[in-house]
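Participant: To start, I am sharing the structure in question, which I have written as structure tokens.
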Amino acid sequence: MTFVSAGRRSVLLMVAAMSALVMVLPSGLRSATAQTSTGTSSLTMVRQTPFVGPTGTFRIELATRGLPAGARIALTVYAQVPTRARLDRALLGDGLGPTVATTPQIAAPAPSGAVGIDLPISPVWPAPTGGAVLSNAGVYPVVVEVTGADGRSLDRLFTQIVRLPADGDRTSALSVGTIVTVEAEPTVAYDGELTLSTADAERARGVLAAVADPAAPALTLAPTPFVLTELKGSVAAVSTALAGRPVLATPWVPIDPGSLLAGGQGSLVVDEYRLGIETLTSTLRVTPDTSIAVIDGATSPQALDLTLDRGARAVVLGSSQVRSPVDGGALTQQFAIAAADGRRVAAMAADDIAAVPFAFVADPILAAHRALGSLAMVHFEQPEPGRGVALALPARTSPLALAEFLRGLALSDGSGSGSIGAAVLAPTTLASLFATTSTATDRNGPILRPWTAEDPPALGTYGAALEQARWDLRGARSLLPDAPGLVEPIDRTILASAARSLSTDARLTVLAGAERSIRSLSGSITMPSTQSVNLTSRSGDIPLSIDNSLPGEAHVRVTLSSPKLDFPDGPTLDLVLAPGSTRASIRVTARASGAFPMQVSIASADGILPVTSSRVDVRSTAISGWGLVLSVGAGLFLAVWWIRHFRHTRRARSLVDVESSANPDEVI
């Protein structure tokens, strides 16, 4: 359960619908839908009055580029639209309705420059000089058109006027819980390290600056912890200003929780949030809110189970993921959705339609005002009290668009027009949104709405590589339990590999870099590849020399094996290796004399991560107990045999001497 740009599916559907509409329009209207014309001229919005009181002045400021000499600009106001669908069509140049007022043409700066157009508003006749009568509160489409000296249309820009009810009118503003991400897609270097591009880093800094503005209204932050660590200096500069902003608990990087859970990586999802919360707490000096979660199509029902296990008591999900009411209007009340295990949780819809301009309107200022107009239409369609929507800004929203949108919300009472009216939008936090909006119910209580999730993509080869990397990381932690500064960067790298924006090849590259870092740690513990030892007695000590070039202590397990040696203290030995050289003695007993090998294997303390190994050639010159008995027996046998042989020889000589003396004259 992570937050990325909300309602990805609905955004794409909306854009497809808008594109299809443009394709069926007459050619003149199709050209009017573009933010800039296909020629050299263009109009770009610089500023607009977001909300106008009953007697206020609507002002629009434009930047022009490439206009020919003699070009002129005028503003036309069209009749109030009754629904948001009609407003969307009008902003595409279709179904504009009758003209309400047109300002006199003014000279456009040529070839480039800035121009402002003022339109005074009155609720009653007569119309102000150069202005318009807008009798009713509502949303009025506006077209700004630049024409050449020959009267040919060069470019058109579409926006709207939001005319507020009179101050004091009985109206209930629509609560708007804006969710702002601080997100960027990481890029992978050749060595597997993750970084941010210069453009993404600058955009993230701009978002931070916009939400840190003291004039910005209530909102909720959903920052990406990885991005914050990459922007430490910028975060530190605004941390004080952000101290009062509610922050949602988010994973280390935006992930696809449904895919990870389906691939058996539920523990990684847990670790993503663990590291994310730790990072948010340390960088922003706040306690992230785990009671509200923002989910999108990547959150499967099983992933929602995990979200609820983490303590979520309410969720926000894209309106396109939820079955709409019969009338097809915006979801402005709370309802309930069910997780895979049947648990129900309170939910609010993030209005995907209002978020579309931030993703697909090139002019950032115009995008902000299109979104404000869309939200205002929700109020006019459903003016009842207790209504509200969330607005999940797409991940790559322009900082300029965000700043202008927040400025517009802050001026929702029409004060920017010089006339106070009854606000139709009320900016709020997500916590307040759930506290103040009503709940749609039926006879069984809160309405349970079906919701959809995307089919989780298979992890493929990444899944196996991820499993191995996390296994090796566990061994590295066992090897260096007292040196988190050496191990935690590897953990962050492995978790970052799950970023949903990365391809499988990029993920594997990141994991390969993490594995190299792990091998670098284990490779810092060495032994001579071969050693030779002579044993002169049956039992003795074999010395082992182990070098640790790490800056901290290493906890290892030494495993011994040999065909002709016994190990009285056991074949395994747990050691703590201080930096430098460690000399250990292995007590052995030889079962025979001769030459034979002893294998020494060193692994992490839990035995998971192989570290190093060595072969010790042992030469035993000692005689075993049975050998000693046999030798003594053989010696005694030889001694007895020699004595008996000696005695027999002497007796034989004696017999010869006696016979010779008995026959002295006998000649032989």
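The way I read the labels, and the way they are meant: chains A, B, ... in the order of the structure tokens, residue 1 as the first residue of every chain, and ligand 1 as the first ligand shown, with later ones counted on from there.
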What residues in segment 428-562 of chain A get the DSSP label strand (DSSP E or B)? Please answer as a PyMOL selection string.
Facilitator: chain A and resi 428+439+441-442+445-446+448+451+525-526+530-535+539-548+554-561
Participant: With C-alpha atoms retained, write the just-selected residues as a short mmCIF file (atom, residue, chain, number, x, y, z; two decimals), in the first residue's frame.
Facilitator:
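Contents of result17.cif, freshly written:
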```
data_model
loop_
_atom_site.label_atom_id
_atom_site.label_comp_id
_atom_site.auth_asym_id
_atom_site.auth_seq_id
_atom_site.Cartn_x
_atom_site.Cartn_y
_atom_site.Cartn_z
CA THR A 428 -8.48 20.67 5.06
CA THR A 439 -21.25 8.84 5.66
CA THR A 441 -25.52 4.61 4.60
CA ASP A 442 -28.14 2.03 3.86
CA GLY A 445 -24.91 0.91 7.99
CA PRO A 446 -22.14 2.53 5.92
CA LEU A 448 -20.07 -1.08 1.25
CA TRP A 451 -13.50 -1.52 -5.46
CA ILE A 525 37.89 -11.23 6.65
CA THR A 526 40.72 -13.39 5.32
CA THR A 530 46.74 -23.11 2.79
CA GLN A 531 48.68 -23.80 5.97
CA SER A 532 50.90 -26.65 7.24
CA VAL A 533 51.11 -27.94 10.81
CA ASN A 534 53.13 -30.78 12.42
CA LEU A 535 51.71 -32.70 15.36
CA SER A 539 46.66 -34.33 20.95
CA GLY A 540 47.60 -30.77 20.34
CA ASP A 541 46.56 -27.26 19.31
CA ILE A 542 46.48 -26.08 15.71
CA PRO A 543 46.89 -22.30 15.42
CA LEU A 544 44.65 -20.32 13.06
CA SER A 545 45.37 -16.74 12.01
CA ILE A 546 42.35 -14.69 10.85
CA ASP A 547 42.60 -11.09 9.63
CA ASN A 548 39.72 -8.60 9.97
CA ALA A 554 33.02 -9.28 13.23
CA HIS A 555 31.04 -12.21 14.61
CA VAL A 556 31.87 -15.44 12.80
CA ARG A 557 31.29 -19.17 13.00
CA VAL A 558 34.28 -21.42 12.27
CA THR A 559 33.47 -24.92 11.02
CA LEU A 560 36.15 -27.68 11.00
CA SER A 561 36.27 -31.02 9.23
#
```
Participant: DSSP on the backbone, then: every residue of segment 263-402 of chain A marked helix (DSSP H, G or I), written as a PDB file with C-alpha atoms, in the first residue's frame.
Facilitator:
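Writing done, so here's result.pdb:
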```pdb
ATOM      1  CA  GLY A 266       5.297  -9.581   2.309  1.00  0.00           C
ATOM      2  CA  SER A 267       8.187  -9.058   4.729  1.00  0.00           C
ATOM      3  CA  LEU A 268       9.781  -6.656   2.256  1.00  0.00           C
ATOM      4  CA  VAL A 269       6.595  -4.561   2.219  1.00  0.00           C
ATOM      5  CA  VAL A 270       6.775  -4.410   6.014  1.00  0.00           C
ATOM      6  CA  ASP A 271      10.441  -3.378   5.861  1.00  0.00           C
ATOM      7  CA  GLU A 272       9.665  -0.714   3.244  1.00  0.00           C
ATOM      8  CA  TYR A 273       7.314   0.991   5.675  1.00  0.00           C
ATOM      9  CA  ARG A 274       9.614   0.432   8.645  1.00  0.00           C
ATOM     10  CA  LEU A 275      12.471   2.245   6.948  1.00  0.00           C
ATOM     11  CA  GLY A 276      10.116   4.837   5.495  1.00  0.00           C
ATOM     12  CA  ILE A 277       8.664   5.755   8.884  1.00  0.00           C
ATOM     13  CA  GLU A 278      12.103   5.854  10.503  1.00  0.00           C
ATOM     14  CA  THR A 279      13.367   8.179   7.787  1.00  0.00           C
ATOM     15  CA  LEU A 280      10.361  10.507   7.910  1.00  0.00           C
ATOM     16  CA  THR A 281      10.646  10.742  11.670  1.00  0.00           C
ATOM     17  CA  SER A 282      14.328  11.648  11.564  1.00  0.00           C
ATOM     18  CA  THR A 283      14.255  14.021   8.582  1.00  0.00           C
ATOM     19  CA  LEU A 284      10.998  15.894   9.181  1.00  0.00           C
ATOM     20  CA  PRO A 301      -7.206  -6.733  -1.309  1.00  0.00           C
ATOM     21  CA  GLN A 302      -4.420  -8.797   0.309  1.00  0.00           C
ATOM     22  CA  ALA A 303      -2.237  -5.695   0.438  1.00  0.00           C
ATOM     23  CA  LEU A 304      -5.105  -3.847   2.098  1.00  0.00           C
ATOM     24  CA  ASP A 305      -5.063  -6.551   4.786  1.00  0.00           C
ATOM     25  CA  LEU A 306      -1.458  -5.622   5.490  1.00  0.00           C
ATOM     26  CA  THR A 307      -2.367  -1.923   5.566  1.00  0.00           C
ATOM     27  CA  LEU A 308      -4.988  -2.560   8.206  1.00  0.00           C
ATOM     28  CA  ASP A 309      -2.513  -4.675  10.163  1.00  0.00           C
ATOM     29  CA  SER A 319     -12.617   7.520  -7.511  1.00  0.00           C
ATOM     30  CA  SER A 320     -12.101   5.395 -10.632  1.00  0.00           C
ATOM     31  CA  GLN A 321     -11.458   2.379  -8.389  1.00  0.00           C
ATOM     32  CA  ASP A 352      -9.441  11.634 -10.245  1.00  0.00           C
ATOM     33  CA  ILE A 353     -11.154  14.032 -12.663  1.00  0.00           C
ATOM     34  CA  ALA A 354      -9.937  17.107 -10.775  1.00  0.00           C
ATOM     35  CA  ALA A 355      -6.402  15.675 -10.806  1.00  0.00           C
ATOM     36  CA  VAL A 356      -6.291  15.271 -14.605  1.00  0.00           C
ATOM     37  CA  PRO A 357      -5.099  18.823 -15.433  1.00  0.00           C
ATOM     38  CA  PHE A 358      -1.994  18.445 -13.253  1.00  0.00           C
ATOM     39  CA  ALA A 359      -0.853  15.505 -15.360  1.00  0.00           C
ATOM     40  CA  PHE A 360      -1.916  16.561 -18.837  1.00  0.00           C
ATOM     41  CA  PRO A 364       1.122  24.787 -15.030  1.00  0.00           C
ATOM     42  CA  ILE A 365      -0.827  27.882 -13.971  1.00  0.00           C
ATOM     43  CA  LEU A 366      -3.719  27.002 -16.223  1.00  0.00           C
ATOM     44  CA  ALA A 367      -3.637  23.418 -14.892  1.00  0.00           C
ATOM     45  CA  ALA A 368      -4.054  24.700 -11.331  1.00  0.00           C
ATOM     46  CA  HIS A 369      -7.086  26.802 -12.245  1.00  0.00           C
ATOM     47  CA  ARG A 370      -8.664  24.016 -14.274  1.00  0.00           C
ATOM     48  CA  ALA A 371      -8.456  21.844 -11.136  1.00  0.00           C
ATOM     49  CA  LEU A 372      -9.966  24.583  -8.960  1.00  0.00           C
ATOM     50  CA  GLY A 373     -12.816  25.022 -11.416  1.00  0.00           C
ATOM     51  CA  SER A 374     -13.448  21.279 -11.486  1.00  0.00           C
ATOM     52  CA  LEU A 375     -13.657  21.116  -7.688  1.00  0.00           C
ATOM     53  CA  ALA A 376     -15.928  24.163  -7.590  1.00  0.00           C
ATOM     54  CA  MET A 377     -18.312  22.373  -9.946  1.00  0.00           C
ATOM     55  CA  VAL A 378     -18.492  19.452  -7.499  1.00  0.00           C
ATOM     56  CA  HIS A 379     -19.721  21.896  -4.865  1.00  0.00           C
ATOM     57  CA  PHE A 380     -22.343  23.430  -7.147  1.00  0.00           C
ATOM     58  CA  GLU A 381     -23.564  19.973  -8.143  1.00  0.00           C
ATOM     59  CA  PRO A 399       5.815  23.002  -8.413  1.00  0.00           C
ATOM     60  CA  LEU A 400       4.387  26.043 -10.211  1.00  0.00           C
ATOM     61  CA  ALA A 401       1.036  24.317 -10.625  1.00  0.00           C
ATOM     62  CA  LEU A 402       1.068  23.220  -6.984  1.00  0.00           C
TER      63      LEU A 402
END
```
Participant: So which residues touch segment 125-136 of chain A within 7 Å, counting only C-alpha atoms, skipping near sequence neighbours fewer than 6 positions away, as a PDB file with C-alpha atoms, in the first residue's frame?
Facilitator:
```
ATOM      1  CA  ALA A 101     -19.787  39.365 -22.202  1.00  0.00           C
ATOM      2  CA  THR A 103     -14.071  42.700 -23.380  1.00  0.00           C
ATOM      3  CA  LEU A 119     -13.271  42.072 -16.018  1.00  0.00           C
TER       4      LEU A 119
END
```
Participant: So that I can see what lies close to Gly523 of chain A, please list as a list in words the residues with an atom at most 8 Å from it, counting only C-alpha atoms and leaving out residues fewer than 3 positions away in the same chain.
Facilitator: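 Contacts, with the query itself left out: Arg519, Ser520, Thr526, Val611 and Thr612 of chain A.
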Participant: Using only C-alpha atoms, determine which residues lie at most 8 Å from Thr332 of chain A, disregarding the query and same-chain residues fewer than 6 positions distant; provide the list as a PyMOL selection string.
Facilitator: chain A and resi 348-349+387-389+437
Participant: Per residue of segment 245-314 of chain A within 12 Å of segment 184-196 of chain A, record the nearest atom pair and its distance in Å to one decimal, counting only C-alpha atoms, with rows in chain order and ascending residue number, as JSON lines.
Facilitator:
```
{"residue": "A:Trp252", "atom": "CA", "partner": "A:Pro186", "partner_atom": "CA", "distance": 11.9}
{"residue": "A:Val253", "atom": "CA", "partner": "A:Pro186", "partner_atom": "CA", "distance": 9.1}
{"residue": "A:Pro254", "atom": "CA", "partner": "A:Glu185", "partner_atom": "CA", "distance": 9.0}
{"residue": "A:Ile255", "atom": "CA", "partner": "A:Glu185", "partner_atom": "CA", "distance": 11.5}
```
Participant: Next, write the just-selected residues to a file, as a CSV table (one decimal), in the first residue's frame, keeping all heavy atoms as the atom set.
Facilitator:
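As a result, part.csv now contains:
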```csv
chain,number,residue,atom,x,y,z
A,252,TRP,N,9.7,3.3,1.8
A,252,TRP,CA,11.0,3.9,1.4
A,252,TRP,C,11.0,4.4,0.0
A,252,TRP,O,11.5,5.5,-0.3
A,252,TRP,CB,12.1,2.8,1.6
A,252,TRP,CG,13.5,3.2,1.2
A,252,TRP,CD1,14.2,2.6,0.2
A,252,TRP,CD2,14.3,4.2,1.7
A,252,TRP,NE1,15.4,3.1,0.1
A,252,TRP,CE2,15.5,4.2,1.0
A,252,TRP,CE3,14.1,5.2,2.6
A,252,TRP,CZ2,16.6,5.1,1.2
A,252,TRP,CZ3,15.2,6.1,2.9
A,252,TRP,CH2,16.4,6.0,2.2
A,253,VAL,N,10.4,3.7,-0.9
A,253,VAL,CA,10.2,4.1,-2.3
A,253,VAL,C,8.8,3.7,-2.7
A,253,VAL,O,8.3,2.7,-2.1
A,253,VAL,CB,11.3,3.5,-3.3
A,253,VAL,CG1,12.6,4.0,-3.0
A,253,VAL,CG2,11.2,1.9,-3.2
A,254,PRO,N,8.2,4.3,-3.7
A,254,PRO,CA,6.9,3.8,-4.1
A,254,PRO,C,7.0,2.4,-4.7
A,254,PRO,O,7.8,2.1,-5.5
A,254,PRO,CB,6.5,4.8,-5.2
A,254,PRO,CG,7.4,6.1,-4.9
A,254,PRO,CD,8.6,5.5,-4.4
A,255,ILE,N,6.2,1.5,-4.1
A,255,ILE,CA,6.2,0.1,-4.5
A,255,ILE,C,4.9,-0.4,-5.1
A,255,ILE,O,3.9,0.3,-5.0
A,255,ILE,CB,6.6,-0.7,-3.3
A,255,ILE,CG1,5.6,-0.6,-2.1
A,255,ILE,CG2,8.0,-0.4,-2.8
A,255,ILE,CD1,5.8,-1.4,-0.9
```
Participant: Residues at most 8 Å from Thr589 of chain A, counting only C-alpha atoms, excluding those fewer than 4 positions away in the same chain, as an MDAnalysis selection string?
Facilitator: chainID A and resid 538:540 565:568
Participant: Rounded to one decimal place, report the atom CA of Pro98 of chain A-atom CA of Ala166 of chain A distance in Å.
Facilitator: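 A separation of 24.2 Å between them.
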Participant: Figure out the distance between atom CA of Leu96 of chain A and atom CA of Ala149 of chain A, please, to one decimal in Å.
Facilitator: 25.4 Å
